[in-house]
$ cat my_file-v5.txt   # compact mmCIF, N, CA, C and O atoms
# COMPACT_ATOMS: atom_id res chain seq x y z
N MET O 229 46.64 20.69 47.94
CA MET O 229 46.63 19.85 46.75
C MET O 229 48.01 19.86 46.12
O MET O 229 48.62 20.91 45.93
N SER O 230 48.54 18.70 45.82
CA SER O 230 49.83 18.62 45.13
C SER O 230 49.60 18.76 43.63
O SER O 230 48.53 18.45 43.11
N ALA O 231 50.64 19.23 42.96
CA ALA O 231 50.54 19.43 41.51
C ALA O 231 50.43 18.09 40.81
O ALA O 231 51.14 17.14 41.16
N PRO O 232 49.56 17.96 39.82
CA PRO O 232 49.45 16.70 39.08
C PRO O 232 50.71 16.47 38.23
O PRO O 232 51.37 17.41 37.82
N ARG O 233 51.01 15.22 38.00
CA ARG O 233 52.16 14.85 37.17
C ARG O 233 51.73 14.84 35.70
O ARG O 233 51.05 13.90 35.26
N LEU O 234 52.09 15.87 34.98
CA LEU O 234 51.73 16.00 33.56
C LEU O 234 52.83 15.32 32.74
O LEU O 234 53.88 15.90 32.50
N ASN O 235 52.58 14.09 32.31
CA ASN O 235 53.64 13.29 31.69
C ASN O 235 53.33 12.84 30.26
O ASN O 235 54.06 12.03 29.70
N ARG O 236 52.25 13.34 29.67
CA ARG O 236 51.90 12.99 28.28
C ARG O 236 51.78 14.26 27.46
O ARG O 236 51.08 15.20 27.85
N LYS O 237 52.44 14.29 26.32
CA LYS O 237 52.35 15.44 25.43
C LYS O 237 51.23 15.17 24.43
O LYS O 237 51.33 14.25 23.61
N LEU O 238 50.16 15.95 24.51
CA LEU O 238 49.00 15.79 23.63
C LEU O 238 48.89 17.00 22.71
O LEU O 238 49.24 18.11 23.09
N VAL O 239 48.38 16.78 21.52
CA VAL O 239 48.14 17.86 20.56
C VAL O 239 46.67 18.24 20.63
O VAL O 239 45.80 17.38 20.50
N LEU O 240 46.39 19.52 20.87
CA LEU O 240 45.03 20.03 20.88
C LEU O 240 44.64 20.37 19.44
O LEU O 240 45.38 21.08 18.75
N GLU O 241 43.51 19.83 18.98
CA GLU O 241 43.05 20.05 17.60
C GLU O 241 41.64 20.62 17.57
O GLU O 241 40.84 20.36 18.47
N GLU O 242 41.37 21.38 16.51
CA GLU O 242 40.05 21.98 16.31
C GLU O 242 39.57 21.65 14.89
O GLU O 242 40.37 21.65 13.95
N ALA O 243 38.28 21.40 14.76
CA ALA O 243 37.70 21.08 13.44
C ALA O 243 37.56 22.35 12.61
O ALA O 243 37.16 23.39 13.12
N GLN O 244 37.88 22.24 11.34
CA GLN O 244 37.71 23.33 10.37
C GLN O 244 36.84 22.82 9.23
O GLN O 244 37.14 21.76 8.67
N ARG O 245 35.78 23.55 8.90
CA ARG O 245 34.93 23.16 7.77
C ARG O 245 35.31 23.97 6.55
O ARG O 245 35.58 25.15 6.63
N ALA O 246 35.31 23.30 5.40
CA ALA O 246 35.62 23.95 4.13
C ALA O 246 34.68 23.39 3.07
O ALA O 246 34.34 22.21 3.11
N PRO O 247 34.24 24.22 2.12
CA PRO O 247 33.39 23.71 1.05
C PRO O 247 34.11 22.62 0.26
O PRO O 247 35.31 22.71 0.01
N ASP O 248 33.36 21.58 -0.10
CA ASP O 248 33.98 20.47 -0.84
C ASP O 248 33.82 20.59 -2.34
O ASP O 248 34.24 19.72 -3.09
N GLY O 249 33.19 21.66 -2.83
CA GLY O 249 33.02 21.87 -4.26
C GLY O 249 31.81 21.18 -4.84
O GLY O 249 31.49 21.35 -6.01
N ALA O 250 31.09 20.39 -4.04
CA ALA O 250 29.89 19.68 -4.52
C ALA O 250 28.66 20.10 -3.71
O ALA O 250 27.69 19.36 -3.64
N GLY O 251 28.75 21.25 -3.06
CA GLY O 251 27.62 21.75 -2.28
C GLY O 251 27.62 21.31 -0.83
O GLY O 251 26.73 21.68 -0.07
N GLY O 252 28.61 20.56 -0.42
CA GLY O 252 28.70 20.11 0.96
C GLY O 252 29.93 20.67 1.64
O GLY O 252 30.52 21.65 1.17
N TRP O 253 30.29 20.05 2.73
CA TRP O 253 31.43 20.50 3.51
C TRP O 253 32.38 19.33 3.76
O TRP O 253 31.95 18.20 3.91
N SER O 254 33.65 19.62 3.83
CA SER O 254 34.61 18.62 4.29
C SER O 254 35.15 19.11 5.63
O SER O 254 35.24 20.31 5.88
N LEU O 255 35.47 18.17 6.48
CA LEU O 255 35.94 18.48 7.82
C LEU O 255 37.39 18.06 7.94
O LEU O 255 37.76 16.94 7.59
N SER O 256 38.23 18.99 8.39
CA SER O 256 39.63 18.65 8.64
C SER O 256 40.00 19.15 10.03
O SER O 256 39.38 20.08 10.55
N TRP O 257 40.98 18.52 10.63
CA TRP O 257 41.40 18.88 11.98
C TRP O 257 42.72 19.63 11.91
O TRP O 257 43.66 19.19 11.25
N VAL O 258 42.77 20.78 12.60
CA VAL O 258 43.94 21.64 12.59
C VAL O 258 44.56 21.64 13.99
O VAL O 258 43.85 21.84 14.98
N ALA O 259 45.86 21.43 14.06
CA ALA O 259 46.56 21.44 15.35
C ALA O 259 46.67 22.87 15.86
O ALA O 259 47.08 23.78 15.13
N LEU O 260 46.30 23.07 17.13
CA LEU O 260 46.40 24.38 17.76
C LEU O 260 47.65 24.50 18.62
O LEU O 260 48.06 25.62 18.95
N GLY O 261 48.22 23.38 18.99
CA GLY O 261 49.42 23.39 19.82
C GLY O 261 49.49 22.14 20.67
O GLY O 261 48.56 21.33 20.69
N ALA O 262 50.58 22.00 21.39
CA ALA O 262 50.79 20.82 22.24
C ALA O 262 50.65 21.23 23.71
O ALA O 262 51.07 22.33 24.09
N LEU O 263 50.06 20.35 24.50
CA LEU O 263 49.89 20.57 25.94
C LEU O 263 50.38 19.33 26.68
O LEU O 263 50.13 18.21 26.23
N TRP O 264 51.02 19.53 27.81
CA TRP O 264 51.39 18.41 28.67
C TRP O 264 50.20 18.08 29.53
O TRP O 264 49.50 18.98 30.03
N ALA O 265 49.92 16.79 29.70
CA ALA O 265 48.69 16.36 30.36
C ALA O 265 48.90 15.10 31.20
O ALA O 265 49.89 14.40 31.06
N ARG O 266 47.92 14.87 32.07
CA ARG O 266 47.80 13.60 32.80
C ARG O 266 46.51 12.95 32.34
O ARG O 266 45.46 13.60 32.33
N LEU O 267 46.56 11.68 31.95
CA LEU O 267 45.37 10.93 31.52
C LEU O 267 44.95 9.96 32.61
O LEU O 267 45.78 9.18 33.07
N ASP O 268 43.69 10.02 33.00
CA ASP O 268 43.12 9.09 33.98
C ASP O 268 41.93 8.41 33.33
O ASP O 268 40.90 9.07 33.10
N PRO O 269 42.03 7.11 33.03
CA PRO O 269 40.89 6.42 32.42
C PRO O 269 39.79 6.18 33.44
O PRO O 269 40.05 5.98 34.63
N GLY O 270 38.55 6.21 32.97
CA GLY O 270 37.40 5.89 33.80
C GLY O 270 37.02 4.44 33.61
O GLY O 270 37.79 3.64 33.07
N THR O 271 35.82 4.12 34.03
CA THR O 271 35.33 2.76 33.89
C THR O 271 34.77 2.57 32.49
O THR O 271 33.91 3.33 32.05
N GLY O 272 35.24 1.56 31.81
CA GLY O 272 34.77 1.28 30.46
C GLY O 272 33.39 0.66 30.47
O GLY O 272 32.92 0.14 31.47
N ARG O 273 32.72 0.77 29.34
CA ARG O 273 31.41 0.14 29.19
C ARG O 273 31.33 -0.44 27.79
O ARG O 273 32.06 -0.05 26.89
N GLU O 274 30.44 -1.38 27.67
CA GLU O 274 30.29 -2.07 26.39
C GLU O 274 28.80 -2.18 26.09
O GLU O 274 27.99 -2.40 26.98
N ARG O 275 28.44 -2.00 24.83
CA ARG O 275 27.05 -2.20 24.43
C ARG O 275 27.03 -2.84 23.06
O ARG O 275 27.98 -2.71 22.27
N ALA O 276 25.97 -3.53 22.79
CA ALA O 276 25.84 -4.22 21.50
C ALA O 276 25.32 -3.25 20.46
O ALA O 276 24.31 -2.58 20.66
N GLY O 277 26.03 -3.17 19.34
CA GLY O 277 25.55 -2.41 18.21
C GLY O 277 24.78 -3.35 17.29
O GLY O 277 24.51 -4.51 17.64
N GLU O 278 24.42 -2.89 16.11
CA GLU O 278 23.66 -3.72 15.17
C GLU O 278 24.46 -4.94 14.71
O GLU O 278 23.95 -6.04 14.66
N PHE O 279 25.75 -4.71 14.38
CA PHE O 279 26.57 -5.82 13.89
C PHE O 279 27.84 -6.03 14.69
O PHE O 279 28.55 -7.00 14.47
N VAL O 280 28.16 -5.11 15.59
CA VAL O 280 29.40 -5.20 16.36
C VAL O 280 29.14 -4.82 17.81
O VAL O 280 28.11 -4.24 18.14
N THR O 281 30.10 -5.13 18.65
CA THR O 281 30.06 -4.69 20.03
C THR O 281 30.83 -3.37 20.11
O THR O 281 31.95 -3.27 19.62
N LEU O 282 30.21 -2.37 20.70
CA LEU O 282 30.82 -1.05 20.82
C LEU O 282 31.32 -0.87 22.24
O LEU O 282 30.61 -1.15 23.20
N SER O 283 32.55 -0.39 22.39
CA SER O 283 33.08 -0.13 23.72
C SER O 283 33.53 1.32 23.80
O SER O 283 33.92 1.92 22.80
N ALA O 284 33.45 1.87 25.01
CA ALA O 284 33.84 3.26 25.22
C ALA O 284 34.49 3.38 26.58
O ALA O 284 34.07 2.74 27.54
N VAL O 285 35.53 4.20 26.66
CA VAL O 285 36.20 4.48 27.92
C VAL O 285 36.28 5.99 28.08
O VAL O 285 36.87 6.67 27.24
N PRO O 286 35.67 6.52 29.16
CA PRO O 286 35.81 7.95 29.40
C PRO O 286 37.17 8.25 30.03
O PRO O 286 37.75 7.40 30.71
N TYR O 287 37.69 9.43 29.80
CA TYR O 287 38.96 9.86 30.36
C TYR O 287 38.80 11.21 31.03
O TYR O 287 38.01 12.04 30.59
N ARG O 288 39.57 11.41 32.10
CA ARG O 288 39.76 12.72 32.72
C ARG O 288 41.16 13.13 32.34
O ARG O 288 42.13 12.46 32.69
N ILE O 289 41.28 14.23 31.61
CA ILE O 289 42.58 14.70 31.14
C ILE O 289 42.86 16.03 31.83
O ILE O 289 42.09 16.98 31.70
N THR O 290 43.95 16.07 32.58
CA THR O 290 44.33 17.27 33.33
C THR O 290 45.43 18.00 32.58
O THR O 290 46.43 17.39 32.19
N VAL O 291 45.24 19.32 32.39
CA VAL O 291 46.23 20.18 31.73
C VAL O 291 46.39 21.46 32.55
O VAL O 291 45.56 21.77 33.40
N ARG O 292 47.45 22.21 32.28
CA ARG O 292 47.61 23.52 32.92
C ARG O 292 46.51 24.44 32.42
O ARG O 292 46.13 24.40 31.25
N ALA O 293 46.05 25.30 33.30
CA ALA O 293 44.96 26.21 32.95
C ALA O 293 45.45 27.31 32.00
O ALA O 293 46.63 27.63 31.96
N ALA O 294 44.51 27.85 31.26
CA ALA O 294 44.73 29.00 30.39
C ALA O 294 43.51 29.90 30.56
O ALA O 294 42.43 29.42 30.89
N PRO O 295 43.66 31.21 30.35
CA PRO O 295 42.52 32.12 30.54
C PRO O 295 41.37 31.81 29.59
O PRO O 295 41.58 31.27 28.49
N GLN O 296 40.16 32.16 30.01
CA GLN O 296 38.99 32.01 29.14
C GLN O 296 39.25 32.73 27.83
O GLN O 296 39.76 33.84 27.81
N GLY O 297 38.93 32.08 26.73
CA GLY O 297 39.10 32.68 25.41
C GLY O 297 40.48 32.50 24.79
O GLY O 297 40.67 32.81 23.62
N ALA O 298 41.45 32.01 25.56
CA ALA O 298 42.79 31.79 25.02
C ALA O 298 42.76 30.58 24.08
O ALA O 298 42.07 29.61 24.34
N PRO O 299 43.48 30.64 22.95
CA PRO O 299 43.48 29.51 22.02
C PRO O 299 44.05 28.23 22.63
O PRO O 299 43.74 27.14 22.18
N SER O 300 44.85 28.35 23.68
CA SER O 300 45.43 27.18 24.31
C SER O 300 44.51 26.56 25.36
O SER O 300 44.84 25.52 25.94
N ARG O 301 43.35 27.16 25.62
CA ARG O 301 42.40 26.59 26.58
C ARG O 301 41.47 25.63 25.85
O ARG O 301 40.74 26.01 24.94
N PRO O 302 41.50 24.34 26.22
CA PRO O 302 40.63 23.36 25.55
C PRO O 302 39.16 23.70 25.73
O PRO O 302 38.76 24.28 26.74
N ARG O 303 38.37 23.32 24.72
CA ARG O 303 36.91 23.54 24.74
C ARG O 303 36.20 22.28 24.26
O ARG O 303 36.79 21.49 23.51
N PRO O 304 34.94 22.10 24.67
CA PRO O 304 34.17 20.98 24.11
C PRO O 304 34.13 21.11 22.58
O PRO O 304 34.20 22.21 22.04
N GLU O 305 34.03 20.00 21.91
CA GLU O 305 34.03 19.87 20.45
C GLU O 305 35.44 19.92 19.86
O GLU O 305 35.60 19.74 18.66
N GLN O 306 36.45 20.18 20.68
CA GLN O 306 37.83 20.02 20.22
C GLN O 306 38.26 18.61 20.59
O GLN O 306 37.48 17.84 21.14
N ARG O 307 39.51 18.28 20.29
CA ARG O 307 39.99 16.95 20.66
C ARG O 307 41.48 17.01 20.93
O ARG O 307 42.18 17.94 20.53
N PHE O 308 41.95 16.00 21.66
CA PHE O 308 43.38 15.78 21.88
C PHE O 308 43.81 14.60 21.03
O PHE O 308 43.06 13.65 20.84
N ARG O 309 45.06 14.67 20.55
CA ARG O 309 45.62 13.55 19.80
C ARG O 309 46.92 13.14 20.48
O ARG O 309 47.73 13.98 20.85
N ASP O 310 47.08 11.82 20.62
CA ASP O 310 48.30 11.23 21.14
C ASP O 310 48.73 10.17 20.14
O ASP O 310 48.30 9.02 20.23
N GLY O 311 49.49 10.57 19.13
CA GLY O 311 49.84 9.65 18.04
C GLY O 311 48.59 9.28 17.27
O GLY O 311 47.90 10.14 16.74
N ALA O 312 48.25 7.99 17.24
CA ALA O 312 47.05 7.53 16.53
C ALA O 312 45.80 7.59 17.41
O ALA O 312 44.70 7.41 16.92
N ARG O 313 45.98 7.83 18.71
CA ARG O 313 44.82 7.87 19.62
C ARG O 313 44.19 9.27 19.61
O ARG O 313 44.89 10.28 19.57
N VAL O 314 42.85 9.30 19.66
CA VAL O 314 42.11 10.56 19.63
C VAL O 314 41.13 10.58 20.80
O VAL O 314 40.42 9.60 21.04
N PHE O 315 41.10 11.72 21.52
CA PHE O 315 40.22 11.89 22.67
C PHE O 315 39.32 13.11 22.42
O PHE O 315 39.81 14.25 22.39
N ARG O 316 38.02 12.88 22.21
CA ARG O 316 37.06 13.96 21.95
C ARG O 316 36.67 14.60 23.27
O ARG O 316 36.23 13.95 24.20
N ILE O 317 36.83 15.92 23.38
CA ILE O 317 36.53 16.65 24.61
C ILE O 317 35.03 16.90 24.70
O ILE O 317 34.44 17.46 23.77
N THR O 318 34.43 16.51 25.83
CA THR O 318 32.99 16.72 26.02
C THR O 318 32.69 17.83 27.02
O THR O 318 31.63 18.44 26.95
N ALA O 319 33.59 18.11 27.97
CA ALA O 319 33.39 19.17 28.95
C ALA O 319 34.73 19.57 29.55
O ALA O 319 35.67 18.77 29.58
N VAL O 320 34.82 20.82 30.04
CA VAL O 320 36.04 21.33 30.65
C VAL O 320 35.66 22.11 31.90
O VAL O 320 34.71 22.90 31.88
N THR O 321 36.40 21.88 32.99
CA THR O 321 36.16 22.61 34.24
C THR O 321 37.48 22.82 34.96
O THR O 321 38.47 22.15 34.66
N GLU O 322 37.50 23.75 35.94
CA GLU O 322 38.70 23.97 36.73
C GLU O 322 38.91 22.78 37.66
O GLU O 322 37.97 22.29 38.27
N GLU O 323 40.14 22.34 37.78
CA GLU O 323 40.49 21.20 38.64
C GLU O 323 40.60 21.63 40.10
O GLU O 323 40.19 20.91 40.99
N ASP O 324 41.15 22.83 40.32
CA ASP O 324 41.40 23.28 41.69
C ASP O 324 40.79 24.66 41.91
O ASP O 324 40.49 25.37 40.96
N ALA O 325 40.63 25.03 43.16
CA ALA O 325 40.00 26.31 43.49
C ALA O 325 40.81 27.50 43.00
O ALA O 325 40.25 28.54 42.65
N ALA O 326 42.12 27.36 42.94
CA ALA O 326 42.98 28.46 42.48
C ALA O 326 42.98 28.59 40.96
O ALA O 326 43.44 29.60 40.42
N GLY O 327 42.46 27.59 40.26
CA GLY O 327 42.39 27.66 38.80
C GLY O 327 43.71 27.43 38.09
O GLY O 327 43.91 27.93 36.99
N HIS O 328 44.62 26.66 38.70
CA HIS O 328 45.91 26.39 38.07
C HIS O 328 45.84 25.28 37.02
O HIS O 328 46.67 25.22 36.13
N TYR O 329 44.85 24.39 37.16
CA TYR O 329 44.72 23.26 36.26
C TYR O 329 43.28 23.12 35.78
O TYR O 329 42.35 23.55 36.45
N LEU O 330 43.12 22.51 34.62
CA LEU O 330 41.79 22.23 34.06
C LEU O 330 41.62 20.72 33.94
O LEU O 330 42.57 19.99 33.65
N THR O 331 40.39 20.26 34.16
CA THR O 331 40.03 18.87 33.90
C THR O 331 39.18 18.85 32.64
O THR O 331 38.15 19.53 32.57
N CYS O 332 39.60 18.07 31.66
CA CYS O 332 38.85 17.89 30.43
C CYS O 332 38.25 16.49 30.47
O CYS O 332 38.98 15.50 30.59
N PHE O 333 36.94 16.41 30.38
CA PHE O 333 36.27 15.12 30.30
C PHE O 333 36.24 14.75 28.83
O PHE O 333 35.80 15.55 27.99
N ALA O 334 36.72 13.57 28.51
CA ALA O 334 36.87 13.19 27.10
C ALA O 334 36.49 11.73 26.90
O ALA O 334 36.42 10.95 27.84
N GLN O 335 36.23 11.40 25.65
CA GLN O 335 35.88 10.06 25.23
C GLN O 335 36.89 9.66 24.16
O GLN O 335 37.11 10.41 23.20
N GLU O 336 37.51 8.49 24.31
CA GLU O 336 38.44 8.05 23.28
C GLU O 336 37.68 7.59 22.06
O GLU O 336 36.71 6.84 22.17
N GLU O 337 38.10 8.06 20.89
CA GLU O 337 37.49 7.66 19.63
C GLU O 337 38.41 6.66 18.95
O GLU O 337 39.63 6.85 18.94
N VAL O 338 37.84 5.63 18.39
CA VAL O 338 38.63 4.63 17.66
C VAL O 338 38.57 4.98 16.19
O VAL O 338 37.49 5.08 15.61
N LEU O 339 39.73 5.18 15.60
CA LEU O 339 39.80 5.51 14.19
C LEU O 339 39.81 4.25 13.35
O LEU O 339 40.52 3.30 13.67
N ALA O 340 39.01 4.22 12.29
CA ALA O 340 38.95 3.04 11.42
C ALA O 340 39.93 3.18 10.29
O ALA O 340 40.33 4.20 9.90
$ encode --input "my_file-v5.txt" --output "structure tokens"
Amino acid sequence: MSAPRLNRKLVLEEAQRAPDGAGGWSLSWVALGALWARLDPGTGRERAGEFVTLSAVPYRITVRAAPQGAPSRPRPEQRFRDGARVFRITAVTEEDAAGHYLTCFAQEEVLA
């Protein structure tokens, strides 16, 4: 297997909950660091919502591996940011048998 071409610098972010002072919680995203990655888009799909058409494109995002439990190892429920684009991570697995790279399955979120 040849090494993947990691040509996009993405910021790995994690959600932080904090009390909002009114009995609820506010959610903010905290940057954990930057990772070089390769983005491979999947097949897009479209479905009708109540008032709009919703579209989604899955992505396979390849990054260098990090040990289990390391803060630099992506996990589901985290996300990658590329400028204004956001990719929500849904699953993470090893890309190769030697464990040099990870594949993150992600869904691009559209920010309003």
$ axis_aligned_box --input "my_file-v5.txt" --around "stretch 241-244 of chain O" --padding-each-side "3 Å" --output "lines of an AutoDock Vina configuration file"
center_x = 40.2
center_y = 21.6
center_z = 13.8
size_x = 12.7
size_y = 9.6
size_z = 16.3
$ select_by_dssp --input "my_file-v5.txt" --residues "stretch 240-303 of chain O" --states "strand (DSSP E or B)" --output "PyMOL selection string"
chain O and resi 240-247+253-269+273-276+281-284+286-292
$ closest_residue --input "my_file-v5.txt" --among "O:Ser254, O:Thr290, O:Thr318, O:Thr271" --to "O:Asn235" --atoms "only N, CA, C and O atoms"
O:Thr290
$ atom_distance --input "my_file-v5.txt" --atom1 "atom CA of O:Ser300" --atom2 "atom CA of O:Asp248"
28.4 Å
$ closest_residue --input "my_file-v5.txt" --among "O:Pro299, O:Pro232, O:Pro286, O:Pro247" --to "O:Arg266" --atoms "only N, CA, C and O atoms"
O:Pro232
$ residues_near_point --input "my_file-v5.txt" --point "(44.0, 16.0, 32.6)" --cutoff "12 Å" --atoms "only C-alpha atoms" --output "short mmCIF file (atom, residue, chain, number, x, y, z; two decimals) with N, CA, C and O atoms, in the coordinates of the input"
data_model
loop_
_atom_site.label_atom_id
_atom_site.label_comp_id
_atom_site.auth_asym_id
_atom_site.auth_seq_id
_atom_site.Cartn_x
_atom_site.Cartn_y
_atom_site.Cartn_z
N ALA O 231 50.64 19.23 42.96
CA ALA O 231 50.54 19.43 41.51
C ALA O 231 50.43 18.09 40.81
O ALA O 231 51.14 17.14 41.16
N PRO O 232 49.56 17.96 39.82
CA PRO O 232 49.45 16.70 39.08
C PRO O 232 50.71 16.47 38.23
O PRO O 232 51.37 17.41 37.82
N ARG O 233 51.01 15.22 38.00
CA ARG O 233 52.16 14.85 37.17
C ARG O 233 51.73 14.84 35.70
O ARG O 233 51.05 13.90 35.26
N LEU O 234 52.09 15.87 34.98
CA LEU O 234 51.73 16.00 33.56
C LEU O 234 52.83 15.32 32.74
O LEU O 234 53.88 15.90 32.50
N ASN O 235 52.58 14.09 32.31
CA ASN O 235 53.64 13.29 31.69
C ASN O 235 53.33 12.84 30.26
O ASN O 235 54.06 12.03 29.70
N ARG O 236 52.25 13.34 29.67
CA ARG O 236 51.90 12.99 28.28
C ARG O 236 51.78 14.26 27.46
O ARG O 236 51.08 15.20 27.85
N LYS O 237 52.44 14.29 26.32
CA LYS O 237 52.35 15.44 25.43
C LYS O 237 51.23 15.17 24.43
O LYS O 237 51.33 14.25 23.61
N LEU O 238 50.16 15.95 24.51
CA LEU O 238 49.00 15.79 23.63
C LEU O 238 48.89 17.00 22.71
O LEU O 238 49.24 18.11 23.09
N LEU O 263 50.06 20.35 24.50
CA LEU O 263 49.89 20.57 25.94
C LEU O 263 50.38 19.33 26.68
O LEU O 263 50.13 18.21 26.23
N TRP O 264 51.02 19.53 27.81
CA TRP O 264 51.39 18.41 28.67
C TRP O 264 50.20 18.08 29.53
O TRP O 264 49.50 18.98 30.03
N ALA O 265 49.92 16.79 29.70
CA ALA O 265 48.69 16.36 30.36
C ALA O 265 48.90 15.10 31.20
O ALA O 265 49.89 14.40 31.06
N ARG O 266 47.92 14.87 32.07
CA ARG O 266 47.80 13.60 32.80
C ARG O 266 46.51 12.95 32.34
O ARG O 266 45.46 13.60 32.33
N LEU O 267 46.56 11.68 31.95
CA LEU O 267 45.37 10.93 31.52
C LEU O 267 44.95 9.96 32.61
O LEU O 267 45.78 9.18 33.07
N ASP O 268 43.69 10.02 33.00
CA ASP O 268 43.12 9.09 33.98
C ASP O 268 41.93 8.41 33.33
O ASP O 268 40.90 9.07 33.10
N PRO O 269 42.03 7.11 33.03
CA PRO O 269 40.89 6.42 32.42
C PRO O 269 39.79 6.18 33.44
O PRO O 269 40.05 5.98 34.63
N PRO O 286 35.67 6.52 29.16
CA PRO O 286 35.81 7.95 29.40
C PRO O 286 37.17 8.25 30.03
O PRO O 286 37.75 7.40 30.71
N TYR O 287 37.69 9.43 29.80
CA TYR O 287 38.96 9.86 30.36
C TYR O 287 38.80 11.21 31.03
O TYR O 287 38.01 12.04 30.59
N ARG O 288 39.57 11.41 32.10
CA ARG O 288 39.76 12.72 32.72
C ARG O 288 41.16 13.13 32.34
O ARG O 288 42.13 12.46 32.69
N ILE O 289 41.28 14.23 31.61
CA ILE O 289 42.58 14.70 31.14
C ILE O 289 42.86 16.03 31.83
O ILE O 289 42.09 16.98 31.70
N THR O 290 43.95 16.07 32.58
CA THR O 290 44.33 17.27 33.33
C THR O 290 45.43 18.00 32.58
O THR O 290 46.43 17.39 32.19
N VAL O 291 45.24 19.32 32.39
CA VAL O 291 46.23 20.18 31.73
C VAL O 291 46.39 21.46 32.55
O VAL O 291 45.56 21.77 33.40
N ARG O 292 47.45 22.21 32.28
CA ARG O 292 47.61 23.52 32.92
C ARG O 292 46.51 24.44 32.42
O ARG O 292 46.13 24.40 31.25
N ALA O 293 46.05 25.30 33.30
CA ALA O 293 44.96 26.21 32.95
C ALA O 293 45.45 27.31 32.00
O ALA O 293 46.63 27.63 31.96
N PRO O 302 41.50 24.34 26.22
CA PRO O 302 40.63 23.36 25.55
C PRO O 302 39.16 23.70 25.73
O PRO O 302 38.76 24.28 26.74
N PHE O 308 41.95 16.00 21.66
CA PHE O 308 43.38 15.78 21.88
C PHE O 308 43.81 14.60 21.03
O PHE O 308 43.06 13.65 20.84
N PHE O 315 41.10 11.72 21.52
CA PHE O 315 40.22 11.89 22.67
C PHE O 315 39.32 13.11 22.42
O PHE O 315 39.81 14.25 22.39
N ILE O 317 36.83 15.92 23.38
CA ILE O 317 36.53 16.65 24.61
C ILE O 317 35.03 16.90 24.70
O ILE O 317 34.44 17.46 23.77
N ALA O 319 33.59 18.11 27.97
CA ALA O 319 33.39 19.17 28.95
C ALA O 319 34.73 19.57 29.55
O ALA O 319 35.67 18.77 29.58
N VAL O 320 34.82 20.82 30.04
CA VAL O 320 36.04 21.33 30.65
C VAL O 320 35.66 22.11 31.90
O VAL O 320 34.71 22.90 31.88
N THR O 321 36.40 21.88 32.99
CA THR O 321 36.16 22.61 34.24
C THR O 321 37.48 22.82 34.96
O THR O 321 38.47 22.15 34.66
N GLU O 322 37.50 23.75 35.94
CA GLU O 322 38.70 23.97 36.73
C GLU O 322 38.91 22.78 37.66
O GLU O 322 37.97 22.29 38.27
N GLU O 323 40.14 22.34 37.78
CA GLU O 323 40.49 21.20 38.64
C GLU O 323 40.60 21.63 40.10
O GLU O 323 40.19 20.91 40.99
N ASP O 324 41.15 22.83 40.32
CA ASP O 324 41.40 23.28 41.69
C ASP O 324 40.79 24.66 41.91
O ASP O 324 40.49 25.37 40.96
N HIS O 328 44.62 26.66 38.70
CA HIS O 328 45.91 26.39 38.07
C HIS O 328 45.84 25.28 37.02
O HIS O 328 46.67 25.22 36.13
N TYR O 329 44.85 24.39 37.16
CA TYR O 329 44.72 23.26 36.26
C TYR O 329 43.28 23.12 35.78
O TYR O 329 42.35 23.55 36.45
N LEU O 330 43.12 22.51 34.62
CA LEU O 330 41.79 22.23 34.06
C LEU O 330 41.62 20.72 33.94
O LEU O 330 42.57 19.99 33.65
N THR O 331 40.39 20.26 34.16
CA THR O 331 40.03 18.87 33.90
C THR O 331 39.18 18.85 32.64
O THR O 331 38.15 19.53 32.57
N CYS O 332 39.60 18.07 31.66
CA CYS O 332 38.85 17.89 30.43
C CYS O 332 38.25 16.49 30.47
O CYS O 332 38.98 15.50 30.59
N PHE O 333 36.94 16.41 30.38
CA PHE O 333 36.27 15.12 30.30
C PHE O 333 36.24 14.75 28.83
O PHE O 333 35.80 15.55 27.99
N ALA O 334 36.72 13.57 28.51
CA ALA O 334 36.87 13.19 27.10
C ALA O 334 36.49 11.73 26.90
O ALA O 334 36.42 10.95 27.84
#
$ atom_distance --input "my_file-v5.txt" --atom1 "atom CA of O:Glu242" --atom2 "atom CA of O:Leu255"
10.1 Å
$ atom_distance --input "my_file-v5.txt" --atom1 "atom CA of O:Val258" --atom2 "atom CA of O:Pro295"
20.8 Å
$ closest_residue --input "my_file-v5.txt" --among "O:Ser230, O:Ala326, O:Val239, O:Gly297" --to "O:Gly311" --atoms "only N, CA, C and O atoms"
O:Val239
$ decode --input "my_file-v5.txt" --residues "stretch 314-319 of chain O" --atoms "N, CA, C and O atoms" --output "short mmCIF file (atom, residue, chain, number, x, y, z; two decimals), in the first residue's frame"
data_model
loop_
_atom_site.label_atom_id
_atom_site.label_comp_id
_atom_site.auth_asym_id
_atom_site.auth_seq_id
_atom_site.Cartn_x
_atom_site.Cartn_y
_atom_site.Cartn_z
N VAL O 314 -17.76 22.01 7.71
CA VAL O 314 -17.73 21.18 8.91
C VAL O 314 -18.08 19.75 8.53
O VAL O 314 -19.05 19.51 7.81
N PHE O 315 -17.28 18.79 9.04
CA PHE O 315 -17.48 17.37 8.77
C PHE O 315 -17.66 16.64 10.10
O PHE O 315 -16.71 16.53 10.89
N ARG O 316 -18.88 16.15 10.37
CA ARG O 316 -19.19 15.43 11.62
C ARG O 316 -18.71 13.99 11.49
O ARG O 316 -19.06 13.28 10.57
N ILE O 317 -17.88 13.54 12.43
CA ILE O 317 -17.32 12.19 12.40
C ILE O 317 -18.34 11.21 12.94
O ILE O 317 -18.86 11.38 14.05
N THR O 318 -18.62 10.16 12.16
CA THR O 318 -19.58 9.14 12.59
C THR O 318 -18.91 7.83 12.99
O THR O 318 -19.47 7.07 13.79
N ALA O 319 -17.73 7.52 12.45
CA ALA O 319 -17.01 6.29 12.79
C ALA O 319 -15.54 6.45 12.42
O ALA O 319 -15.19 7.23 11.53
#
